[in-house]
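S.K.: File follows, query23.tsv with TSV, C-alpha atoms (C1' of nucleotides):
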```
chain	number	residue	atom	x	y	z
S	1	MET	CA	29.15	61.53	19.70
S	2	LYS	CA	25.47	60.93	19.43
S	3	VAL	CA	22.29	62.94	19.49
S	4	SER	CA	20.03	62.64	22.51
S	5	THR	CA	16.33	61.94	22.26
S	6	ARG	CA	15.69	65.57	23.11
S	7	GLY	CA	17.18	66.64	19.82
S	8	LYS	CA	15.47	63.88	17.89
S	9	TYR	CA	12.03	64.38	19.39
S	10	ALA	CA	12.33	68.11	18.84
S	11	MET	CA	13.15	67.62	15.18
S	12	ILE	CA	10.30	65.18	14.64
S	13	ALA	CA	7.91	67.56	16.35
S	14	MET	CA	9.05	70.53	14.33
S	15	VAL	CA	8.79	68.62	11.08
S	16	ASN	CA	5.27	67.67	12.05
S	17	LEU	CA	4.39	71.30	12.61
S	18	ALA	CA	6.02	72.26	9.34
S	19	LEU	CA	4.00	69.65	7.47
S	20	ALA	CA	0.79	70.78	9.19
S	21	ARG	CA	1.44	74.40	8.27
S	22	GLY	CA	-1.61	76.12	6.87
S	23	GLY	CA	-3.99	73.66	8.47
S	24	ASN	CA	-5.16	73.57	12.05
S	25	MET	CA	-2.89	73.91	15.01
S	26	VAL	CA	-1.20	70.86	16.38
S	27	THR	CA	-1.64	69.85	19.99
S	28	VAL	CA	1.07	68.26	22.03
S	29	LYS	CA	-1.31	65.47	22.91
S	30	GLU	CA	-1.95	64.57	19.28
S	31	LEU	CA	1.71	64.72	18.49
S	32	ALA	CA	2.75	62.58	21.42
S	33	ALA	CA	0.16	59.98	20.47
S	34	ARG	CA	1.01	59.97	16.78
S	35	GLU	CA	4.76	59.70	17.32
S	36	GLY	CA	4.61	57.43	20.32
S	37	MET	CA	6.34	59.85	22.65
S	38	SER	CA	5.76	60.66	26.29
S	39	LEU	CA	3.27	63.52	26.57
S	40	THR	CA	4.89	65.23	29.51
S	41	TYR	CA	8.37	64.84	28.13
S	42	LEU	CA	7.31	66.40	24.85
S	43	GLU	CA	5.69	69.26	26.72
S	44	GLN	CA	9.04	70.03	28.31
S	45	LEU	CA	10.65	70.29	24.92
S	46	PHE	CA	7.90	72.54	23.63
S	47	VAL	CA	8.54	74.97	26.45
S	48	GLY	CA	12.08	75.39	25.19
S	49	LEU	CA	10.99	75.74	21.60
S	50	ARG	CA	8.42	78.37	22.45
S	51	LYS	CA	10.88	80.34	24.56
S	52	ALA	CA	13.33	80.26	21.67
S	53	GLY	CA	10.66	81.96	19.61
S	54	ILE	CA	10.45	79.34	16.90
S	55	LEU	CA	6.93	78.31	17.68
S	56	THR	CA	3.86	79.95	19.15
S	57	SER	CA	1.00	78.55	21.15
S	58	ILE	CA	-2.68	79.34	21.53
S	59	ARG	CA	-4.41	78.19	24.65
S	60	GLY	CA	-7.86	76.98	25.33
S	61	PRO	CA	-10.06	74.61	23.38
S	62	ASN	CA	-8.97	74.16	19.75
S	63	GLY	CA	-5.64	75.62	20.71
S	64	GLY	CA	-2.25	74.15	20.09
S	65	PHE	CA	1.12	74.97	18.61
S	66	GLN	CA	2.27	76.23	15.27
S	67	LEU	CA	5.49	77.49	13.76
S	68	ALA	CA	6.34	81.08	14.61
S	69	LEU	CA	8.28	81.49	11.38
S	70	ALA	CA	8.28	80.11	7.87
S	71	PRO	CA	10.07	76.74	7.58
S	72	GLU	CA	12.86	78.31	5.53
S	73	GLU	CA	13.55	80.72	8.39
S	74	ILE	CA	13.99	78.05	11.03
S	75	ARG	CA	17.46	76.55	11.22
S	76	VAL	CA	18.00	73.07	12.56
S	77	ILE	CA	20.69	74.34	14.90
S	78	ASP	CA	18.20	76.69	16.53
S	79	ILE	CA	15.82	73.82	17.17
S	80	LEU	CA	18.56	71.78	18.80
S	81	LYS	CA	19.78	74.65	20.93
S	82	ALA	CA	16.24	75.38	22.03
S	83	VAL	CA	15.91	71.98	23.66
S	84	GLY	CA	19.35	72.05	25.18
S	85	GLU	CA	21.06	69.68	22.77
S	86	THR	CA	24.81	70.11	23.04
S	87	VAL	CA	26.27	70.88	19.65
S	88	ASP	CA	29.93	71.05	20.41
S	89	SER	CA	32.38	68.21	20.08
S	90	LEU	CA	34.92	69.68	22.46
S	91	LYS	CA	32.85	70.96	25.30
S	92	ASP	CA	34.49	70.05	28.61
S	93	GLY	CA	36.75	67.05	28.97
S	94	ALA	CA	40.30	66.72	27.79
S	95	GLY	CA	41.54	69.59	25.73
S	96	ALA	CA	39.69	72.05	27.88
S	97	ARG	CA	41.00	70.76	31.18
S	98	ARG	CA	44.49	72.09	31.26
S	99	PRO	CA	44.39	75.49	29.57
S	100	GLU	CA	47.72	76.51	31.02
S	101	SER	CA	49.81	73.63	29.78
S	102	GLY	CA	48.51	72.47	26.42
S	103	SER	CA	51.11	70.07	25.12
S	104	GLU	CA	51.87	70.10	21.44
S	105	ALA	CA	49.82	66.95	20.97
S	106	GLU	CA	46.89	68.35	22.89
S	107	VAL	CA	46.84	71.48	20.77
S	108	LEU	CA	47.04	69.56	17.50
S	109	ALA	CA	44.29	67.18	18.51
S	110	GLY	CA	42.24	70.15	19.63
S	111	LEU	CA	42.49	71.75	16.21
S	112	MET	CA	41.11	68.61	14.66
S	113	TRP	CA	38.13	68.64	17.01
S	114	GLU	CA	37.54	72.28	16.25
S	115	GLY	CA	37.51	71.46	12.58
S	116	LEU	CA	34.93	68.77	13.13
S	117	SER	CA	32.87	71.02	15.31
S	118	ALA	CA	32.91	73.69	12.63
S	119	HIS	CA	31.69	71.21	10.05
S	120	VAL	CA	28.80	70.13	12.21
S	121	HIS	CA	27.87	73.71	12.98
S	122	VAL	CA	27.90	74.65	9.33
S	123	TYR	CA	25.71	71.72	8.43
S	124	LEU	CA	23.14	72.41	11.12
S	125	HIS	CA	23.26	76.15	10.58
S	126	GLN	CA	22.64	76.09	6.87
S	127	MET	CA	19.97	73.40	7.06
S	128	THR	CA	16.50	74.82	7.53
S	129	LEU	CA	13.24	73.11	8.33
S	130	LYS	CA	12.22	73.68	4.73
S	131	ASP	CA	15.26	71.77	3.52
S	132	VAL	CA	14.39	68.94	5.83
S	133	ILE	CA	10.81	68.57	4.62
S	134	GLN	CA	12.06	68.71	1.06
S	135	ARG	CA	14.46	65.87	1.81
S	136	ALA	CA	17.35	68.12	0.92
S	137	GLN	CA	20.74	66.66	1.53
S	138	SER	CA	23.72	68.93	1.86
S	139	PRO	CA	25.93	68.18	-1.14
S	140	CYS	CA	29.17	69.15	0.52
S	141	PRO	CA	31.06	65.88	0.95
S	142	ALA	CA	32.31	64.64	-2.37
S	143	PHE	CA	31.65	61.00	-1.60
S	144	SER	CA	29.15	59.18	-3.71
S	145	SER	CA	29.15	55.90	-1.87
S	146	LEU	CA	28.89	56.01	1.89
S	147	GLU	CA	28.92	52.26	2.24
S	148	GLU	CA	32.66	52.46	1.77
S	149	LEU	CA	32.88	54.27	5.09
S	150	ALA	CA	31.26	51.60	7.16
S	151	THR	CA	34.63	49.95	7.68
Z	1	MET	CA	26.55	65.39	20.50
Z	2	LYS	CA	29.89	65.50	22.16
Z	3	VAL	CA	33.07	63.48	22.18
Z	4	SER	CA	33.95	61.49	25.28
Z	5	THR	CA	37.31	61.66	26.98
Z	6	ARG	CA	38.11	58.25	25.53
Z	7	GLY	CA	38.16	59.69	22.04
Z	8	LYS	CA	40.05	62.77	23.12
Z	9	TYR	CA	42.69	60.94	25.13
Z	10	ALA	CA	43.15	58.48	22.30
Z	11	MET	CA	43.73	61.28	19.82
Z	12	ILE	CA	46.20	63.05	22.09
Z	13	ALA	CA	48.07	59.82	22.67
Z	14	MET	CA	48.22	58.98	18.98
Z	15	VAL	CA	49.42	62.46	18.09
Z	16	ASN	CA	52.13	62.05	20.69
Z	17	LEU	CA	53.23	58.81	19.11
Z	18	ALA	CA	53.14	60.37	15.68
Z	19	LEU	CA	55.33	63.24	16.83
Z	20	ALA	CA	57.76	60.83	18.49
Z	21	ARG	CA	57.99	58.76	15.34
Z	22	GLY	CA	61.55	57.87	14.42
Z	23	GLY	CA	62.77	58.35	17.96
Z	24	ASN	CA	62.47	56.01	20.88
Z	25	MET	CA	59.32	54.22	21.83
Z	26	VAL	CA	56.85	55.95	24.07
Z	27	THR	CA	55.74	54.37	27.30
Z	28	VAL	CA	52.25	54.70	28.66
Z	29	LYS	CA	53.71	55.93	31.90
Z	30	GLU	CA	55.55	58.82	30.28
Z	31	LEU	CA	52.53	59.73	28.24
Z	32	ALA	CA	50.15	59.67	31.18
Z	33	ALA	CA	52.51	61.87	33.17
Z	34	ARG	CA	53.13	64.33	30.35
Z	35	GLU	CA	49.47	64.75	29.46
Z	36	GLY	CA	48.15	64.57	32.98
Z	37	MET	CA	46.02	61.50	32.37
Z	38	SER	CA	45.29	58.53	34.54
Z	39	LEU	CA	47.86	55.80	33.87
Z	40	THR	CA	45.49	52.90	34.18
Z	41	TYR	CA	42.77	54.57	32.17
Z	42	LEU	CA	45.21	55.28	29.38
Z	43	GLU	CA	46.37	51.68	29.46
Z	44	GLN	CA	42.81	50.59	28.78
Z	45	LEU	CA	42.68	52.76	25.71
Z	46	PHE	CA	46.01	51.44	24.46
Z	47	VAL	CA	44.68	47.91	24.60
Z	48	GLY	CA	41.98	48.89	22.15
Z	49	LEU	CA	44.39	50.73	19.90
Z	50	ARG	CA	46.77	47.82	19.80
Z	51	LYS	CA	44.00	45.34	19.05
Z	52	ALA	CA	42.87	47.56	16.21
Z	53	GLY	CA	46.34	47.15	14.76
Z	54	ILE	CA	47.18	50.82	14.66
Z	55	LEU	CA	49.97	50.61	17.17
Z	56	THR	CA	52.43	47.99	18.29
Z	57	SER	CA	54.10	47.38	21.60
Z	58	ILE	CA	57.42	46.00	22.71
Z	59	ARG	CA	57.67	44.64	26.20
Z	60	GLY	CA	60.44	44.64	28.73
Z	61	PRO	CA	62.87	47.38	29.70
Z	62	ASN	CA	63.16	50.16	27.12
Z	63	GLY	CA	59.95	48.91	25.63
Z	64	GLY	CA	56.85	50.91	24.89
Z	65	PHE	CA	54.46	51.73	22.11
Z	66	GLN	CA	54.84	53.04	18.62
Z	67	LEU	CA	52.66	53.50	15.57
Z	68	ALA	CA	52.05	50.35	13.58
Z	69	LEU	CA	51.58	52.34	10.39
Z	70	ALA	CA	52.72	55.60	8.88
Z	71	PRO	CA	50.72	58.61	10.13
Z	72	GLU	CA	49.16	59.11	6.70
Z	73	GLU	CA	47.79	55.58	6.86
Z	74	ILE	CA	46.01	56.04	10.15
Z	75	ARG	CA	42.56	57.55	9.90
Z	76	VAL	CA	41.07	59.46	12.80
Z	77	ILE	CA	37.90	57.42	12.55
Z	78	ASP	CA	39.88	54.24	13.12
Z	79	ILE	CA	41.40	55.67	16.27
Z	80	LEU	CA	37.99	56.60	17.60
Z	81	LYS	CA	36.45	53.27	16.78
Z	82	ALA	CA	39.39	51.49	18.42
Z	83	VAL	CA	38.58	53.02	21.79
Z	84	GLY	CA	34.86	52.53	21.47
Z	85	GLU	CA	33.89	56.09	20.68
Z	86	THR	CA	30.44	56.13	19.15
Z	87	VAL	CA	30.52	57.85	15.80
Z	88	ASP	CA	26.93	57.79	14.79
Z	89	SER	CA	24.38	60.50	15.37
Z	90	LEU	CA	21.39	58.24	15.06
Z	91	LYS	CA	22.32	55.17	16.97
Z	92	ASP	CA	19.40	54.01	19.10
Z	93	GLY	CA	16.77	56.33	20.42
Z	94	ALA	CA	13.99	57.92	18.42
Z	95	GLY	CA	14.08	57.25	14.74
Z	96	ALA	CA	15.25	53.72	15.34
Z	97	ARG	CA	12.59	52.81	17.87
Z	98	ARG	CA	9.58	52.25	15.72
Z	99	PRO	CA	10.80	50.67	12.52
Z	100	GLU	CA	7.34	49.47	11.56
Z	101	SER	CA	5.51	52.77	11.68
Z	102	GLY	CA	7.87	55.57	10.69
Z	103	SER	CA	5.65	58.62	10.38
Z	104	GLU	CA	6.37	61.04	7.58
Z	105	ALA	CA	7.97	63.44	10.04
Z	106	GLU	CA	10.11	60.74	11.57
Z	107	VAL	CA	11.41	59.68	8.18
Z	108	LEU	CA	12.21	63.23	7.11
Z	109	ALA	CA	13.99	64.02	10.35
Z	110	GLY	CA	15.85	60.76	10.01
Z	111	LEU	CA	17.15	61.72	6.60
Z	112	MET	CA	18.56	64.90	8.08
Z	113	TRP	CA	20.39	62.97	10.79
Z	114	GLU	CA	21.73	60.59	8.21
Z	115	GLY	CA	23.07	63.52	6.26
Z	116	LEU	CA	24.80	64.87	9.32
Z	117	SER	CA	26.17	61.47	10.19
Z	118	ALA	CA	27.55	61.12	6.69
Z	119	HIS	CA	29.29	64.48	6.98
Z	120	VAL	CA	30.93	63.51	10.23
Z	121	HIS	CA	32.01	60.16	8.86
Z	122	VAL	CA	33.51	61.74	5.80
Z	123	TYR	CA	35.44	64.22	7.89
Z	124	LEU	CA	36.83	61.63	10.25
Z	125	HIS	CA	37.46	59.13	7.49
Z	126	GLN	CA	39.45	61.41	5.25
Z	127	MET	CA	41.42	62.96	8.10
Z	128	THR	CA	44.61	61.06	8.86
Z	129	LEU	CA	47.03	61.39	11.71
Z	130	LYS	CA	49.41	63.08	9.31
Z	131	ASP	CA	46.85	65.75	8.53
Z	132	VAL	CA	46.36	66.33	12.21
Z	133	ILE	CA	50.04	66.83	12.99
Z	134	GLN	CA	50.28	69.16	10.02
Z	135	ARG	CA	47.40	71.23	11.41
Z	136	ALA	CA	45.46	70.50	8.29
Z	137	GLN	CA	41.91	71.74	8.29
Z	138	SER	CA	39.41	70.24	5.94
Z	139	PRO	CA	38.45	73.04	3.52
Z	140	CYS	CA	34.99	71.71	2.79
Z	141	PRO	CA	32.65	74.20	4.41
Z	142	ALA	CA	32.63	77.45	2.46
Z	143	PHE	CA	32.41	79.63	5.52
Z	144	SER	CA	35.24	82.02	6.17
Z	145	SER	CA	34.06	83.36	9.49
Z	146	LEU	CA	32.89	80.86	12.04
Z	147	GLU	CA	32.10	83.48	14.61
Z	148	GLU	CA	28.94	84.16	12.69
Z	149	LEU	CA	27.71	80.74	13.64
Z	150	ALA	CA	27.85	81.29	17.36
Z	151	THR	CA	24.34	82.77	17.29
U	1	DT	C1'	-18.51	77.73	33.94
U	2	DT	C1'	-15.81	74.39	32.30
U	3	DA	C1'	-13.07	71.52	29.75
U	4	DA	C1'	-9.23	71.66	26.73
U	5	DA	C1'	-4.65	72.94	26.69
U	6	DC	C1'	-0.41	74.93	28.09
U	7	DT	C1'	3.15	75.95	32.35
U	8	DC	C1'	6.27	75.03	35.95
U	9	DG	C1'	9.38	72.80	39.10
U	10	DA	C1'	10.79	69.05	41.66
U	11	DC	C1'	11.76	64.36	41.58
U	12	DT	C1'	13.44	59.47	40.30
U	13	DA	C1'	15.37	55.67	37.75
U	14	DA	C1'	18.36	54.00	34.30
U	15	DA	C1'	22.32	54.42	31.44
U	16	DA	C1'	26.70	56.01	30.10
U	17	DG	C1'	31.01	57.73	31.13
U	18	DT	C1'	35.17	57.95	33.94
U	19	DG	C1'	38.06	56.16	36.20
U	20	DT	C1'	40.39	52.62	40.07
U	21	DC	C1'	42.33	48.30	41.78
U	22	DA	C1'	44.61	44.05	42.07
U	23	DA	C1'	46.69	40.29	40.28
U	24	DG	C1'	48.81	38.91	36.74
U	25	DT	C1'	52.12	37.85	32.05
U	26	DA	C1'	56.01	38.79	29.02
U	27	DT	C1'	60.85	40.05	28.13
U	28	DA	C1'	65.38	42.76	27.60
U	29	DT	C1'	69.01	43.44	30.39
U	30	DT	C1'	72.31	42.12	33.96
L	1	DA	C1'	68.52	32.80	36.24
L	2	DA	C1'	66.97	37.02	38.40
L	3	DT	C1'	64.74	41.17	38.07
L	4	DA	C1'	62.98	45.47	36.98
L	5	DT	C1'	60.26	47.35	33.44
L	6	DA	C1'	56.25	47.37	30.99
L	7	DC	C1'	52.11	45.51	29.06
L	8	DT	C1'	47.35	42.62	30.07
L	9	DT	C1'	43.07	41.52	31.97
L	10	DG	C1'	38.80	41.74	34.35
L	11	DA	C1'	36.03	43.21	37.90
L	12	DC	C1'	34.52	47.01	40.44
L	13	DA	C1'	32.97	51.83	42.16
L	14	DC	C1'	31.80	56.49	41.57
L	15	DT	C1'	29.79	60.44	39.03
L	16	DT	C1'	27.23	62.73	35.56
L	17	DT	C1'	23.83	62.87	32.14
L	18	DT	C1'	19.69	61.51	30.13
L	19	DA	C1'	15.03	60.16	30.04
L	20	DG	C1'	10.87	60.29	31.75
L	21	DT	C1'	7.30	61.05	35.68
L	22	DC	C1'	4.27	63.57	38.80
L	23	DG	C1'	1.34	66.89	40.49
L	24	DA	C1'	-0.35	71.22	41.13
L	25	DG	C1'	-1.18	74.99	38.78
L	26	DT	C1'	-2.72	78.93	34.92
L	27	DT	C1'	-5.03	80.44	30.76
L	28	DT	C1'	-8.86	80.89	27.63
L	29	DA	C1'	-12.47	79.74	23.93
L	30	DA	C1'	-16.84	77.83	23.78
```
As structure tokens, please, write out the structure in this file.

M.R.:
Amino acid sequence: MKVSTRGKYAMIAMVNLALARGGNMVTVKELAAREGMSLTYLEQLFVGLRKAGILTSIRGPNGGFQLALAPEEIRVIDILKAVGETVDSLKDGAGARRPESGSEAEVLAGLMWEGLSAHVHVYLHQMTLKDVIQRAQSPCPAFSSLEELAT
Amino acid sequence: MKVSTRGKYAMIAMVNLALARGGNMVTVKELAAREGMSLTYLEQLFVGLRKAGILTSIRGPNGGFQLALAPEEIRVIDILKAVGETVDSLKDGAGARRPESGSEAEVLAGLMWEGLSAHVHVYLHQMTLKDVIQRAQSPCPAFSSLEELAT
DNA sequence: TTAAACTCGACTAAAAGTGTCAAGTATATT
DNA sequence: AATATACTTGACACTTTTAGTCGAGTTTAA
């Protein structure tokens, strides 16, 4: 129930590119240095992002990466999928192991996980890069104080 | 971004106990057999659940476990915490690594993760065991078709 | 031509997750 | 009091995933 560094690095990188939009291209080297990430590891992630079509690259001197689409057209979920981040609370494990049996309890618990999974998907699907750079928070949950939850 | 078997087994076990409420106590042995889980692994999880005060045990012949509270008083998040399931999308890793610097991009991405984390917490906090056994789905996201999301 | 910059695939080390095992302790029934 | 049932504890082993490295390329603008 946590996000891997792949997903986090990818988001930080994409936000960087979104902020640099309109200016020069951003090189992986610059980015890795600025954010304190491993150059080669970041390159790996960029391969996925480029293949997913959400960023483009130009080679040679003065080359680099830039967004392939406007920030409002890039969904967070697409960024995460591009780098192989699992976005599914029920993938594998119990609940998927014994498809033939499925006790009452297993089914009921499974519905709860599906509900959670749906929530997460909705959040990540509706949130675009533009929302992120505008510090937009999804207003959905009707809780004003989150401290209460830290029980 | 996925739930471990600990969390899943714990939920299945707790739903079982909730369904058996009013009847006899449930033994770990029965439960492990019925759900096809490892007996000793399940015992580990029950230790955590008992320590968290959400179930009680009676020893000796005809003993077993039962819920310590009414199903509507047991929150899913408490079950997950009891077995050590991490419920925090940003714990460790990037975003928490360089507290002193915090580039603009890192901060913005971090806010997004916090928003997601808050959503998940709200969902798991407001969902009780009673809701689960009543197949209640949280109505929050205004999406009617989830298939659309499987892009 | 060449240096900057991206591409690809294999590899390794560390961490987390998933259990197992053995030796107990407690207690309701007989 | 004996005993079978059932919970308790802690250490251990195995597997999978994640994180990050390495090196040998390919492309292209200056």

S.K.: For a test of reading the model, state the distance in Å between CA of Arg6 in chain S and CA of Gly53 in chain S, rounded to one decimal.

M.R.: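 Between these atoms lies a distance of 17.5 Å.
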
S.K.: Do a neighbour search on DT29 in chain U at 12 Å with only C-alpha atoms (C1' of nucleotides), toss out local chain neighbours closer than 3 positions, and write the hits as a VMD selection string.

M.R.: (chain Z and resid 60 to 63) or (chain L and resid 2 to 5)

S.K.: Go ahead and compute the interatomic distance for CA of Leu124 in chain Z and CA of Gly110 in chain Z, in Å to one decimal.

M.R.: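 Computed distance, CA of Leu124 in chain Z to CA of Gly110 in chain Z, equals 21.0 Å.
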
S.K.: When you get a sec, could you note down which chain L residues fall within 12 Å of chain Z, using only C-alpha atoms (C1' of nucleotides), as an mmCIF file with C-alpha atoms (C1' of nucleotides), keeping the file's coordinate frame?

M.R.:
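Ended up saving to selection.cif:
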```cif
data_model
loop_
_atom_site.group_PDB
_atom_site.id
_atom_site.type_symbol
_atom_site.label_atom_id
_atom_site.label_comp_id
_atom_site.auth_asym_id
_atom_site.auth_seq_id
_atom_site.Cartn_x
_atom_site.Cartn_y
_atom_site.Cartn_z
ATOM 1 C "C1'" DT L 3 64.740 41.170 38.070
ATOM 2 C "C1'" DA L 4 62.980 45.470 36.980
ATOM 3 C "C1'" DT L 5 60.260 47.350 33.440
ATOM 4 C "C1'" DA L 6 56.250 47.370 30.990
ATOM 5 C "C1'" DC L 7 52.110 45.510 29.060
ATOM 6 C "C1'" DT L 8 47.350 42.620 30.070
ATOM 7 C "C1'" DT L 9 43.070 41.520 31.970
ATOM 8 C "C1'" DG L 10 38.800 41.740 34.350
ATOM 9 C "C1'" DT L 17 23.830 62.870 32.140
ATOM 10 C "C1'" DT L 18 19.690 61.510 30.130
ATOM 11 C "C1'" DA L 19 15.030 60.160 30.040
#
```

S.K.: What separation in Å, quoted to one decimal, exists between C1' of DG9 in chain U and CA of Leu80 in chain S?

M.R.: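 Result for C1' of DG9 in chain U versus CA of Leu80 in chain S: 22.3 Å, one decimal.
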
S.K.: Between U:DA15, U:DA5, U:DA26, U:DA10, which residue has the minimum interatomic distance to DA24 in chain L, considering only C-alpha atoms (C1' of nucleotides)?

M.R.: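 Between U:DA15, U:DA5, U:DA26, U:DA10, the residue approaching DA24 in chain L most closely is U:DA10.
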
S.K.: Can you build me a table of chain U residues sitting at most 9 Å from chain S, with the closest atom pair per residue and its distance in Å to one decimal, using all atoms listed in the file, sorted by chain and residue number, as a tab-separated table?

M.R.:
```
residue	atom	partner	partner_atom	distance
U:DA3	C1'	S:Pro61	CA	7.7
U:DA4	C1'	S:Pro61	CA	4.5
U:DA5	C1'	S:Gly60	CA	5.3
U:DC6	C1'	S:Arg59	CA	6.2
U:DT7	C1'	S:Val47	CA	8.1
```

S.K.: What would the file look like if the residues just selected were written as a short mmCIF file (atom, residue, chain, number, x, y, z; two decimals), keeping the file's coordinate frame with C-alpha atoms (C1' of nucleotides)?

M.R.:
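Listed below is the output, out_33.cif:
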```
data_model
loop_
_atom_site.label_atom_id
_atom_site.label_comp_id
_atom_site.auth_asym_id
_atom_site.auth_seq_id
_atom_site.Cartn_x
_atom_site.Cartn_y
_atom_site.Cartn_z
"C1'" DA U 3 -13.07 71.52 29.75
"C1'" DA U 4 -9.23 71.66 26.73
"C1'" DA U 5 -4.65 72.94 26.69
"C1'" DC U 6 -0.41 74.93 28.09
"C1'" DT U 7 3.15 75.95 32.35
#
```

S.K.: Write down, as an mmCIF file with C-alpha atoms, in the frame of the given file, each residue of chain Z that has any atom within 6 Å of an atom of chain S, counting only C-alpha atoms.

M.R.:
```
data_model
loop_
_atom_site.group_PDB
_atom_site.id
_atom_site.type_symbol
_atom_site.label_atom_id
_atom_site.label_comp_id
_atom_site.auth_asym_id
_atom_site.auth_seq_id
_atom_site.Cartn_x
_atom_site.Cartn_y
_atom_site.Cartn_z
ATOM 1 C CA MET Z 1 26.550 65.390 20.500
ATOM 2 C CA LYS Z 2 29.890 65.500 22.160
ATOM 3 C CA VAL Z 3 33.070 63.480 22.180
ATOM 4 C CA THR Z 5 37.310 61.660 26.980
ATOM 5 C CA ILE Z 12 46.200 63.050 22.090
ATOM 6 C CA VAL Z 15 49.420 62.460 18.090
ATOM 7 C CA ASN Z 16 52.130 62.050 20.690
ATOM 8 C CA THR Z 86 30.440 56.130 19.150
ATOM 9 C CA VAL Z 87 30.520 57.850 15.800
ATOM 10 C CA ASP Z 88 26.930 57.790 14.790
ATOM 11 C CA SER Z 89 24.380 60.500 15.370
ATOM 12 C CA GLY Z 93 16.770 56.330 20.420
ATOM 13 C CA ALA Z 105 7.970 63.440 10.040
ATOM 14 C CA GLU Z 106 10.110 60.740 11.570
ATOM 15 C CA ALA Z 109 13.990 64.020 10.350
#
```
